[in-house]
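What follows is the content of target_29.cif (mmCIF, C-alpha atoms).
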data_start
loop_
_atom_site.group_PDB
_atom_site.id
_atom_site.type_symbol
_atom_site.label_atom_id
_atom_site.label_comp_id
_atom_site.auth_asym_id
_atom_site.auth_seq_id
_atom_site.Cartn_x
_atom_site.Cartn_y
_atom_site.Cartn_z
ATOM 1 C CA MET V 1 20.289 -11.175 -95.446
ATOM 2 C CA ASP V 2 19.672 -14.586 -96.987
ATOM 3 C CA TRP V 3 20.199 -13.921 -100.684
ATOM 4 C CA THR V 4 19.560 -17.531 -101.717
ATOM 5 C CA ALA V 5 16.069 -17.337 -100.217
ATOM 6 C CA SER V 6 15.456 -13.967 -101.854
ATOM 7 C CA ILE V 7 16.586 -15.030 -105.325
ATOM 8 C CA GLN V 8 14.586 -18.223 -105.048
ATOM 9 C CA GLY V 9 11.665 -16.051 -103.947
ATOM 10 C CA LEU V 10 12.017 -13.909 -107.058
ATOM 11 C CA ILE V 11 12.021 -17.025 -109.264
ATOM 12 C CA GLY V 12 9.047 -18.441 -107.355
ATOM 13 C CA GLY V 13 7.225 -15.157 -107.871
ATOM 14 C CA GLY V 14 7.980 -15.455 -111.583
ATOM 15 C CA PHE V 15 6.224 -18.838 -111.624
ATOM 16 C CA VAL V 16 3.206 -17.382 -109.801
ATOM 17 C CA GLY V 17 3.118 -14.615 -112.422
ATOM 18 C CA LEU V 18 3.365 -17.168 -115.237
ATOM 19 C CA SER V 19 0.406 -18.981 -113.718
ATOM 20 C CA ALA V 20 -1.645 -15.775 -113.679
ATOM 21 C CA VAL V 21 -0.709 -14.955 -117.279
ATOM 22 C CA PHE V 22 -1.393 -18.525 -118.419
ATOM 23 C CA LEU V 23 -4.838 -18.610 -116.804
ATOM 24 C CA MET V 24 -5.749 -15.274 -118.403
ATOM 25 C CA ALA V 25 -4.435 -16.360 -121.817
ATOM 26 C CA THR V 26 -6.246 -19.706 -121.825
ATOM 27 C CA LEU V 27 -9.452 -19.317 -119.791
ATOM 28 C CA GLY V 28 -9.611 -15.536 -119.519
ATOM 29 C CA ARG V 29 -9.707 -15.628 -115.721
ATOM 30 C CA VAL V 30 -7.977 -13.747 -112.949
ATOM 31 C CA ALA V 31 -5.827 -16.103 -110.841
ATOM 32 C CA GLY V 32 -7.429 -15.223 -107.526
ATOM 33 C CA ILE V 33 -7.179 -18.236 -105.239
ATOM 34 C CA SER V 34 -9.980 -17.203 -102.867
ATOM 35 C CA GLY V 35 -12.357 -16.638 -105.801
ATOM 36 C CA ILE V 36 -11.435 -19.854 -107.604
ATOM 37 C CA LEU V 37 -11.699 -22.029 -104.495
ATOM 38 C CA ALA V 38 -14.777 -20.361 -102.975
ATOM 39 C CA GLY V 39 -16.438 -21.039 -106.341
ATOM 40 C CA LEU V 40 -15.260 -24.640 -106.296
ATOM 41 C CA PHE V 41 -16.653 -25.348 -102.826
ATOM 42 C CA LEU V 42 -19.741 -23.135 -102.757
ATOM 43 C CA ASP V 43 -21.091 -22.484 -106.269
ATOM 44 C CA LYS V 44 -24.103 -24.411 -107.495
ATOM 45 C CA PRO V 45 -22.805 -27.572 -109.212
ATOM 46 C CA ASN V 46 -21.920 -26.796 -112.822
ATOM 47 C CA ARG V 47 -19.580 -29.306 -114.421
ATOM 48 C CA ASP V 48 -18.016 -26.872 -116.858
ATOM 49 C CA GLU V 49 -16.979 -24.471 -114.086
ATOM 50 C CA LEU V 50 -16.199 -26.908 -111.288
ATOM 51 C CA GLY V 51 -13.939 -29.061 -113.463
ATOM 52 C CA TRP V 52 -11.214 -26.512 -114.108
ATOM 53 C CA ARG V 53 -11.420 -25.157 -110.557
ATOM 54 C CA LEU V 54 -10.950 -28.645 -109.118
ATOM 55 C CA MET V 55 -8.024 -29.276 -111.470
ATOM 56 C CA PHE V 56 -6.516 -25.908 -110.479
ATOM 57 C CA LEU V 57 -6.641 -27.029 -106.820
ATOM 58 C CA LEU V 58 -5.036 -30.372 -107.744
ATOM 59 C CA GLY V 59 -2.302 -28.503 -109.608
ATOM 60 C CA LEU V 60 -1.800 -26.141 -106.680
ATOM 61 C CA VAL V 61 -1.327 -29.108 -104.332
ATOM 62 C CA SER V 62 0.902 -31.031 -106.738
ATOM 63 C CA GLY V 63 3.294 -28.088 -107.259
ATOM 64 C CA PRO V 64 5.043 -28.463 -103.880
ATOM 65 C CA VAL V 65 4.888 -32.268 -104.259
ATOM 66 C CA LEU V 66 6.776 -31.959 -107.545
ATOM 67 C CA LEU V 67 9.411 -29.813 -105.807
ATOM 68 C CA MET V 68 9.798 -32.473 -103.098
ATOM 69 C CA LEU V 69 10.322 -35.130 -105.768
ATOM 70 C CA VAL V 70 12.943 -32.970 -107.502
ATOM 71 C CA GLY V 71 14.610 -32.342 -104.136
ATOM 72 C CA GLY V 72 16.894 -29.580 -102.899
ATOM 73 C CA VAL V 73 14.711 -26.691 -104.015
ATOM 74 C CA GLY V 74 12.697 -26.036 -100.862
ATOM 75 C CA ASN V 75 12.691 -22.634 -99.198
ATOM 76 C CA VAL V 76 11.445 -23.184 -95.646
ATOM 77 C CA ALA V 77 13.000 -20.666 -93.245
ATOM 78 C CA ASP V 78 14.756 -23.068 -90.886
ATOM 79 C CA SER V 79 15.341 -25.911 -93.365
ATOM 80 C CA SER V 80 16.111 -25.132 -96.998
ATOM 81 C CA GLN V 81 15.591 -28.808 -97.877
ATOM 82 C CA ALA V 82 11.933 -28.739 -96.808
ATOM 83 C CA VAL V 83 9.227 -27.419 -99.137
ATOM 84 C CA ILE V 84 6.283 -27.109 -96.729
ATOM 85 C CA GLY V 85 6.651 -25.527 -93.303
ATOM 86 C CA ALA V 86 4.701 -26.377 -90.163
ATOM 87 C CA PRO V 87 1.663 -24.349 -89.067
ATOM 88 C CA SER V 88 2.559 -21.603 -86.617
ATOM 89 C CA GLY V 89 -0.169 -22.301 -84.076
ATOM 90 C CA GLU V 90 -2.580 -24.852 -82.687
ATOM 91 C CA VAL V 91 -6.086 -25.774 -83.841
ATOM 92 C CA PRO V 92 -8.071 -23.092 -81.934
ATOM 93 C CA LEU V 93 -5.911 -20.249 -83.304
ATOM 94 C CA MET V 94 -6.163 -21.668 -86.832
ATOM 95 C CA LEU V 95 -9.956 -21.921 -86.582
ATOM 96 C CA VAL V 96 -10.168 -18.224 -85.716
ATOM 97 C CA ALA V 97 -7.585 -17.232 -88.335
ATOM 98 C CA GLY V 98 -9.177 -19.388 -91.045
ATOM 99 C CA LEU V 99 -12.626 -17.940 -90.402
ATOM 100 C CA LEU V 100 -11.237 -14.389 -90.607
ATOM 101 C CA VAL V 101 -9.297 -15.150 -93.810
ATOM 102 C CA GLY V 102 -12.412 -16.702 -95.363
ATOM 103 C CA ILE V 103 -14.832 -13.931 -94.359
ATOM 104 C CA GLY V 104 -12.288 -11.213 -95.152
ATOM 105 C CA THR V 105 -11.377 -12.455 -98.630
ATOM 106 C CA GLY V 106 -15.056 -13.184 -99.326
ATOM 107 C CA VAL V 107 -16.269 -9.739 -98.289
ATOM 108 C CA GLY V 108 -13.216 -7.956 -99.749
ATOM 109 C CA SER V 109 -13.447 -9.902 -103.043
ATOM 110 C CA GLY V 110 -9.878 -11.164 -103.066
ATOM 111 C CA CYS V 111 -6.700 -12.232 -101.336
ATOM 112 C CA THR V 112 -2.949 -11.951 -101.846
ATOM 113 C CA SER V 113 -3.206 -13.400 -105.362
ATOM 114 C CA GLY V 114 -6.339 -11.720 -106.708
ATOM 115 C CA HIS V 115 -5.632 -8.265 -105.280
ATOM 116 C CA GLY V 116 -1.909 -8.511 -104.520
ATOM 117 C CA VAL V 117 -0.674 -10.087 -107.758
ATOM 118 C CA CYS V 118 -3.319 -9.784 -110.498
ATOM 119 C CA GLY V 119 -4.880 -6.552 -109.238
ATOM 120 C CA LEU V 120 -1.593 -4.692 -108.768
ATOM 121 C CA ALA V 121 -0.438 -5.923 -112.199
ATOM 122 C CA ARG V 122 -3.622 -4.407 -113.678
ATOM 123 C CA LEU V 123 -2.905 -1.169 -111.758
ATOM 124 C CA SER V 124 -6.308 -1.484 -110.085
ATOM 125 C CA GLN V 125 -6.944 1.187 -107.477
ATOM 126 C CA ARG V 126 -9.285 -1.115 -105.523
ATOM 127 C CA SER V 127 -6.622 -3.808 -105.374
ATOM 128 C CA LEU V 128 -3.922 -1.348 -104.312
ATOM 129 C CA VAL V 129 -6.084 -0.177 -101.412
ATOM 130 C CA ALA V 130 -7.022 -3.754 -100.432
ATOM 131 C CA THR V 131 -3.377 -4.879 -100.574
ATOM 132 C CA LEU V 132 -2.150 -1.979 -98.441
ATOM 133 C CA VAL V 133 -4.945 -2.583 -95.904
ATOM 134 C CA PHE V 134 -4.329 -6.310 -95.481
ATOM 135 C CA LEU V 135 -0.539 -5.904 -95.409
ATOM 136 C CA LEU V 136 -0.677 -3.165 -92.769
ATOM 137 C CA THR V 137 -3.317 -4.950 -90.681
ATOM 138 C CA ALA V 138 -1.312 -8.180 -90.725
ATOM 139 C CA MET V 139 1.851 -6.279 -89.733
ATOM 140 C CA VAL V 140 0.035 -4.658 -86.803
ATOM 141 C CA VAL V 141 -1.307 -8.053 -85.681
ATOM 142 C CA VAL V 142 2.165 -9.625 -85.828
ATOM 143 C CA PHE V 143 3.598 -6.643 -83.934
ATOM 144 C CA LEU V 144 0.967 -7.062 -81.213
ATOM 145 C CA THR V 145 1.294 -10.846 -80.926
ATOM 146 C CA ARG V 146 5.096 -10.925 -81.030
ATOM 147 C CA HIS V 147 6.205 -7.733 -79.340
ATOM 148 C CA VAL V 148 3.353 -6.470 -77.169
ATOM 149 C CA ILE V 149 1.384 -9.482 -75.935
ATOM 150 C CA GLY V 150 4.195 -11.923 -76.676
ATOM 151 C CA GLY V 151 4.003 -15.671 -76.730
ATOM 152 C CA ALA V 152 3.209 -16.060 -80.437
ATOM 153 C CA PRO V 153 5.728 -17.932 -82.586
ATOM 154 C CA MET C 154 -9.231 -28.850 -122.272
ATOM 155 C CA LYS C 155 -10.446 -26.347 -119.678
ATOM 156 C CA ALA C 156 -9.513 -28.836 -116.954
ATOM 157 C CA PHE C 157 -6.034 -29.263 -118.437
ATOM 158 C CA PHE C 158 -5.433 -25.504 -118.547
ATOM 159 C CA GLY C 159 -6.707 -25.227 -114.980
ATOM 160 C CA TYR C 160 -4.316 -27.933 -113.842
ATOM 161 C CA ILE C 161 -1.274 -26.317 -115.499
ATOM 162 C CA ALA C 162 -2.151 -22.917 -114.003
ATOM 163 C CA GLY C 163 -2.507 -24.476 -110.550
ATOM 164 C CA LEU C 164 0.742 -26.408 -110.955
ATOM 165 C CA LEU C 165 2.712 -23.280 -111.919
ATOM 166 C CA PHE C 166 1.167 -21.466 -108.976
ATOM 167 C CA GLY C 167 1.998 -24.270 -106.535
ATOM 168 C CA VAL C 168 5.577 -24.586 -107.827
ATOM 169 C CA GLY C 169 6.012 -20.821 -107.475
ATOM 170 C CA LEU C 170 4.716 -20.751 -103.897
ATOM 171 C CA GLY C 171 6.972 -23.672 -102.957
ATOM 172 C CA LEU C 172 10.099 -22.248 -104.613
ATOM 173 C CA GLY C 173 9.387 -18.897 -103.044
ATOM 174 C CA GLY C 174 9.074 -20.329 -99.536
ATOM 175 C CA MET C 175 5.487 -19.116 -99.220
ATOM 176 C CA THR C 176 4.359 -22.590 -98.121
ATOM 177 C CA ASP C 177 6.188 -21.843 -94.862
ATOM 178 C CA PRO C 178 4.132 -19.680 -92.449
ATOM 179 C CA ALA C 179 7.375 -18.800 -90.627
ATOM 180 C CA ARG C 180 8.664 -17.014 -93.753
ATOM 181 C CA VAL C 181 5.402 -15.115 -94.179
ATOM 182 C CA LEU C 182 5.252 -14.109 -90.504
ATOM 183 C CA GLY C 183 8.946 -13.173 -90.716
ATOM 184 C CA PHE C 184 8.058 -10.733 -93.490
ATOM 185 C CA LEU C 185 5.131 -9.293 -91.546
ATOM 186 C CA ASP C 186 7.330 -8.869 -88.436
ATOM 187 C CA ILE C 187 8.950 -5.595 -89.461
ATOM 188 C CA PHE C 188 10.142 -4.931 -85.890
ATOM 189 C CA GLY C 189 11.769 -8.353 -85.526
ATOM 190 C CA ALA C 190 14.320 -10.265 -87.619
ATOM 191 C CA TRP C 191 12.709 -9.089 -90.858
ATOM 192 C CA ASP C 192 12.567 -11.661 -93.681
ATOM 193 C CA PRO C 193 12.197 -9.935 -97.083
ATOM 194 C CA THR C 194 11.464 -13.135 -99.056
ATOM 195 C CA LEU C 195 7.749 -12.404 -99.521
ATOM 196 C CA LEU C 196 8.580 -9.040 -101.058
ATOM 197 C CA PHE C 197 10.699 -10.773 -103.712
ATOM 198 C CA VAL C 198 7.928 -13.292 -104.429
ATOM 199 C CA LEU C 199 5.280 -10.583 -104.719
ATOM 200 C CA GLY C 200 7.594 -8.377 -106.788
ATOM 201 C CA GLY C 201 8.514 -11.194 -109.185
ATOM 202 C CA ALA C 202 4.854 -12.166 -109.544
ATOM 203 C CA VAL C 203 3.554 -8.636 -110.126
ATOM 204 C CA ILE C 204 6.254 -7.778 -112.704
ATOM 205 C CA THR C 205 5.740 -11.039 -114.617
ATOM 206 C CA THR C 206 1.957 -10.612 -114.571
ATOM 207 C CA PHE C 207 2.173 -6.932 -115.541
ATOM 208 C CA ILE C 208 4.234 -7.752 -118.637
ATOM 209 C CA GLY C 209 2.258 -10.899 -119.484
ATOM 210 C CA TYR C 210 -1.157 -9.228 -119.145
ATOM 211 C CA ARG C 211 -0.020 -6.468 -121.507
ATOM 212 C CA VAL C 212 0.539 -9.078 -124.209
ATOM 213 C CA VAL C 213 -2.424 -11.333 -123.434
ATOM 214 C CA LEU C 214 -5.086 -8.650 -122.998
ATOM 215 C CA ARG C 215 -4.232 -7.229 -126.408
ATOM 216 C CA GLN C 216 -5.847 -10.332 -127.930
ATOM 217 C CA ALA C 217 -9.553 -10.316 -128.759
ATOM 218 C CA LYS C 218 -10.353 -13.265 -126.507
ATOM 219 C CA PRO C 219 -8.706 -16.042 -124.527
ATOM 220 C CA LEU C 220 -7.662 -19.286 -126.203
ATOM 221 C CA TRP C 221 -10.597 -21.125 -124.635
ATOM 222 C CA GLY C 222 -13.615 -18.922 -124.058
ATOM 223 C CA ASN C 223 -15.467 -15.949 -125.460
ATOM 224 C CA SER C 224 -14.076 -13.104 -123.408
ATOM 225 C CA PHE C 225 -11.659 -12.075 -120.690
ATOM 226 C CA ARG C 226 -13.432 -11.847 -117.347
ATOM 227 C CA LEU C 227 -11.950 -8.878 -115.583
ATOM 228 C CA PRO C 228 -13.305 -7.065 -112.522
ATOM 229 C CA THR C 229 -15.281 -4.041 -113.665
ATOM 230 C CA ARG C 230 -15.669 -2.098 -110.409
ATOM 231 C CA HIS C 231 -13.482 0.932 -109.819
ATOM 232 C CA ASP C 232 -15.098 2.485 -106.745
ATOM 233 C CA LEU C 233 -13.711 2.075 -103.255
ATOM 234 C CA ASP C 234 -16.233 0.952 -100.674
ATOM 235 C CA GLY C 235 -16.446 -0.105 -97.054
ATOM 236 C CA LYS C 236 -16.741 -3.798 -97.866
ATOM 237 C CA LEU C 237 -13.426 -3.785 -99.701
ATOM 238 C CA VAL C 238 -11.625 -2.141 -96.791
ATOM 239 C CA VAL C 239 -13.355 -4.054 -93.970
ATOM 240 C CA GLY C 240 -12.875 -7.348 -95.822
ATOM 241 C CA ALA C 241 -9.192 -6.660 -96.450
ATOM 242 C CA ALA C 242 -8.706 -5.715 -92.784
ATOM 243 C CA LEU C 243 -10.398 -8.911 -91.526
ATOM 244 C CA PHE C 244 -8.268 -10.923 -93.926
ATOM 245 C CA GLY C 245 -5.162 -9.127 -92.660
ATOM 246 C CA VAL C 246 -5.962 -10.078 -89.059
ATOM 247 C CA GLY C 247 -6.379 -13.756 -89.987
ATOM 248 C CA TRP C 248 -3.223 -13.663 -92.128
ATOM 249 C CA GLY C 249 -1.204 -12.057 -89.328
ATOM 250 C CA LEU C 250 -2.458 -14.604 -86.773
ATOM 251 C CA SER C 251 -1.629 -17.657 -88.898
ATOM 252 C CA GLY C 252 0.847 -16.727 -91.643
ATOM 253 C CA TYR C 253 -1.530 -18.401 -94.097
ATOM 254 C CA CYS C 254 -3.342 -16.758 -96.976
ATOM 255 C CA PRO C 255 -5.571 -19.003 -99.124
ATOM 256 C CA GLY C 256 -3.034 -20.121 -101.781
ATOM 257 C CA PRO C 257 -0.223 -21.300 -99.502
ATOM 258 C CA ALA C 258 -2.681 -22.916 -97.067
ATOM 259 C CA PHE C 259 -4.267 -25.093 -99.767
ATOM 260 C CA ALA C 260 -0.903 -25.729 -101.456
ATOM 261 C CA SER C 261 0.313 -27.265 -98.157
ATOM 262 C CA ILE C 262 -2.283 -30.092 -98.114
ATOM 263 C CA SER C 263 0.316 -32.746 -98.997
ATOM 264 C CA ASN C 264 1.850 -32.180 -95.547
ATOM 265 C CA PRO C 265 -1.343 -32.364 -93.474
ATOM 266 C CA SER C 266 -1.680 -31.555 -89.789
ATOM 267 C CA TYR C 267 -4.653 -30.824 -87.542
ATOM 268 C CA PRO C 268 -3.943 -27.058 -87.421
ATOM 269 C CA LEU C 269 -3.719 -26.901 -91.245
ATOM 270 C CA ILE C 270 -6.966 -28.853 -91.710
ATOM 271 C CA ALA C 271 -8.650 -26.568 -89.141
ATOM 272 C CA MET C 272 -7.401 -23.535 -91.088
ATOM 273 C CA LEU C 273 -8.741 -24.853 -94.415
ATOM 274 C CA LEU C 274 -12.164 -25.892 -93.101
ATOM 275 C CA ALA C 275 -12.583 -22.606 -91.227
ATOM 276 C CA MET C 276 -11.620 -20.703 -94.388
ATOM 277 C CA ILE C 277 -14.285 -22.475 -96.445
ATOM 278 C CA ALA C 278 -16.787 -21.767 -93.637
ATOM 279 C CA GLY C 279 -15.719 -18.119 -93.775
ATOM 280 C CA TRP C 280 -16.368 -17.949 -97.528
ATOM 281 C CA TRP C 281 -19.804 -19.435 -96.870
ATOM 282 C CA VAL C 282 -20.520 -16.857 -94.160
ATOM 283 C CA ALA C 283 -19.388 -14.032 -96.477
ATOM 284 C CA ARG C 284 -21.806 -15.212 -99.169
ATOM 285 C CA ARG C 285 -24.675 -15.633 -96.718
ATOM 286 C CA SER C 286 -24.306 -12.244 -95.087
ATOM 287 C CA SER C 287 -26.997 -10.051 -96.552
ATOM 288 C CA PHE C 288 -24.717 -7.015 -96.560
ATOM 289 C CA VAL C 289 -22.355 -8.643 -99.035
ATOM 290 C CA GLN C 290 -24.937 -10.218 -101.326
ATOM 291 C CA ARG C 291 -24.497 -7.560 -103.951
ATOM 292 C CA ALA C 292 -20.730 -7.932 -103.903
ATOM 293 C CA GLN C 293 -20.944 -11.658 -104.638
ATOM 294 C CA PRO C 294 -22.371 -12.211 -108.117
ATOM 295 C CA SER C 295 -22.537 -15.867 -109.125
ATOM 296 C CA ASN C 296 -19.976 -15.235 -111.845
ATOM 297 C CA PRO C 297 -17.412 -12.839 -110.440
#

Spit out the file's structure as structure tokens when you get a sec.
Amino acid sequence: MDWTASIQGLIGGGFVGLSAVFLMATLGRVAGISGILAGLFLDKPNRDELGWRLMFLLGLVSGPVLLMLVGGVGNVADSSQAVIGAPSGEVPLMLVAGLLVGIGTGVGSGCTSGHGVCGLARLSQRSLVATLVFLLTAMVVVFLTRHVIGGAP
Amino acid sequence: MKAFFGYIAGLLFGVGLGLGGMTDPARVLGFLDIFGAWDPTLLFVLGGAVITTFIGYRVVLRQAKPLWGNSFRLPTRHDLDGKLVVGAALFGVGWGLSGYCPGPAFASISNPSYPLIAMLLAMIAGWWVARRSSFVQRAQPSNP
């Protein structure tokens, strides 16, 4: 087992948690990425709301950029120097996957951050169920694509 | 001020995803591949995030209101319903196909590629579809 990756993962998770706590302490909001960004792109224009959501997105994008500038703190599986890994498939697969992620997190009111991090931390029963369902479904899909059908990366 | 707080929250989130290796779909898929060469990194990221948030929320939610705003906006629903489960399952399929959930996908924009752009645009389209679908209208209040 790669302990460096795991320990760095634990520290990274700590930063994600700090982000969630900070957003709750300052703006009183749950740090759910799908909710924040769906609101940014699809809500009726409202400067007060869109401003912080847009800045959240800019911060989200600049986080990995900051790590690249610092250097040596990446955690990509096959290159610990890199911060951002390559997509695992081509455009058609990503179009299907993106649509499913969008519809699923929209209908299910949350993703890995909203349900998986903030919801579990609040001991929400809804979030526990959602997290178990998306984890298990994703594991089944990876099992099918990698070990049954084959060919997937 | 709201914009500044939003930026700092996003920055912490992006740094955490990068440090944790979550901006690499191979790491995420490696975690989901429990019958292959299993990669536990995601479990450490999720664990670190949940523990930090659990402790932090305990302190923060004891206050009367957030620093900037009148009240904490927390989800109020407690019932389990079909939409929650079906939505989570659809999300799981997309996540398992790509290794991207929304945060890491958007956090990867500084290293653009056609597949990543396709993923992001399709995700936004998916959010739009979810809001348009009449059967989810009630689940999508304008201020969640």

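Relative to atom CA of Gly116 of chain V, atom CA of Gly104 of chain V is found at 14.2 Å.
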
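Closest approach to Thr145 of chain V among C:Ala156, C:Met276, C:Leu250, C:Ala202: C:Leu250, based on only C-alpha atoms.
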
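Closest approach to Leu274 of chain C among V:Phe56, V:Phe134, V:Phe41, V:Phe143 is made by V:Phe41 (distances from all atoms listed in the file).
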
**Study point:** Distance query segment 222-237 of chain C at most 7 Å, only C-alpha atoms, self and fewer than 2 positions along chain excluded, as a PyMOL selection string
**Key:** (chain V and resi 27-30+107-109+125-126+130) or (chain C and resi 218-220+239-241)

The PyMOL selection byres ((chain V and resi 95) around 10) applied to the shown file, residues as a PDB file with C-alpha atoms, in the coordinates of the input:
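Below is the file that was written, result.pdb:
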ATOM      1  CA  GLU V  90      -2.580 -24.852 -82.687  1.00  0.00           C
ATOM      2  CA  VAL V  91      -6.086 -25.774 -83.841  1.00  0.00           C
ATOM      3  CA  PRO V  92      -8.071 -23.092 -81.934  1.00  0.00           C
ATOM      4  CA  LEU V  93      -5.911 -20.249 -83.304  1.00  0.00           C
ATOM      5  CA  MET V  94      -6.163 -21.668 -86.832  1.00  0.00           C
ATOM      6  CA  VAL V  96     -10.168 -18.224 -85.716  1.00  0.00           C
ATOM      7  CA  ALA V  97      -7.585 -17.232 -88.335  1.00  0.00           C
ATOM      8  CA  GLY V  98      -9.177 -19.388 -91.045  1.00  0.00           C
ATOM      9  CA  LEU V  99     -12.626 -17.940 -90.402  1.00  0.00           C
ATOM     10  CA  LEU V 100     -11.237 -14.389 -90.607  1.00  0.00           C
ATOM     11  CA  VAL V 101      -9.297 -15.150 -93.810  1.00  0.00           C
TER      12      VAL V 101
ATOM     13  CA  GLY C 247      -6.379 -13.756 -89.987  1.00  0.00           C
ATOM     14  CA  SER C 251      -1.629 -17.657 -88.898  1.00  0.00           C
ATOM     15  CA  PRO C 268      -3.943 -27.058 -87.421  1.00  0.00           C
ATOM     16  CA  LEU C 269      -3.719 -26.901 -91.245  1.00  0.00           C
ATOM     17  CA  ILE C 270      -6.966 -28.853 -91.710  1.00  0.00           C
ATOM     18  CA  ALA C 271      -8.650 -26.568 -89.141  1.00  0.00           C
ATOM     19  CA  MET C 272      -7.401 -23.535 -91.088  1.00  0.00           C
ATOM     20  CA  LEU C 273      -8.741 -24.853 -94.415  1.00  0.00           C
ATOM     21  CA  LEU C 274     -12.164 -25.892 -93.101  1.00  0.00           C
ATOM     22  CA  ALA C 275     -12.583 -22.606 -91.227  1.00  0.00           C
ATOM     23  CA  MET C 276     -11.620 -20.703 -94.388  1.00  0.00           C
ATOM     24  CA  ALA C 278     -16.787 -21.767 -93.637  1.00  0.00           C
ATOM     25  CA  GLY C 279     -15.719 -18.119 -93.775  1.00  0.00           C
TER      26      GLY C 279
END

Practice item. Please provide the set of residues having any atom within 12 Å of Val70 of chain V, restricted to only C-alpha atoms, with same-chain residues fewer than 2 positions apart removed, written as an MDAnalysis selection string. Key: (chainID V and resid 63:68 72:74 81:83) or (chainID C and resid 168 171:172)

Missing atoms in segment 217-230 of chain C: can you complete it with N, CA and C atoms, as a compact mmCIF listing (two decimals), in the coordinates of the input?
# COMPACT_ATOMS: atom_id res chain seq x y z
N ALA C 217 -8.11 -10.54 -128.78
CA ALA C 217 -9.55 -10.32 -128.76
C ALA C 217 -10.22 -11.16 -127.69
N LYS C 218 -9.75 -12.38 -127.51
CA LYS C 218 -10.35 -13.26 -126.51
C LYS C 218 -9.36 -14.33 -126.09
N PRO C 219 -9.64 -14.99 -124.96
CA PRO C 219 -8.71 -16.04 -124.53
C PRO C 219 -8.77 -17.25 -125.47
N LEU C 220 -7.76 -18.10 -125.35
CA LEU C 220 -7.66 -19.29 -126.20
C LEU C 220 -8.92 -20.14 -126.09
N TRP C 221 -9.46 -20.25 -124.89
CA TRP C 221 -10.60 -21.12 -124.64
C TRP C 221 -11.68 -20.33 -123.93
N GLY C 222 -12.59 -19.75 -124.69
CA GLY C 222 -13.62 -18.92 -124.06
C GLY C 222 -13.92 -17.72 -124.93
N ASN C 223 -15.01 -17.04 -124.61
CA ASN C 223 -15.47 -15.95 -125.46
C ASN C 223 -14.90 -14.59 -125.09
N SER C 224 -14.55 -14.42 -123.82
CA SER C 224 -14.08 -13.10 -123.41
C SER C 224 -13.23 -13.20 -122.15
N PHE C 225 -12.42 -12.17 -121.93
CA PHE C 225 -11.66 -12.08 -120.69
C PHE C 225 -12.61 -11.61 -119.60
N ARG C 226 -12.57 -12.27 -118.45
CA ARG C 226 -13.43 -11.85 -117.35
C ARG C 226 -12.62 -11.06 -116.34
N LEU C 227 -12.70 -9.75 -116.47
CA LEU C 227 -11.95 -8.88 -115.58
C LEU C 227 -12.91 -8.14 -114.66
N PRO C 228 -12.46 -7.85 -113.42
CA PRO C 228 -13.30 -7.06 -112.52
C PRO C 228 -13.62 -5.72 -113.18
N THR C 229 -14.86 -5.28 -113.00
CA THR C 229 -15.28 -4.04 -113.66
C THR C 229 -15.44 -2.88 -112.69
N ARG C 230 -15.43 -3.18 -111.38
CA ARG C 230 -15.67 -2.10 -110.41
C ARG C 230 -14.42 -1.25 -110.23
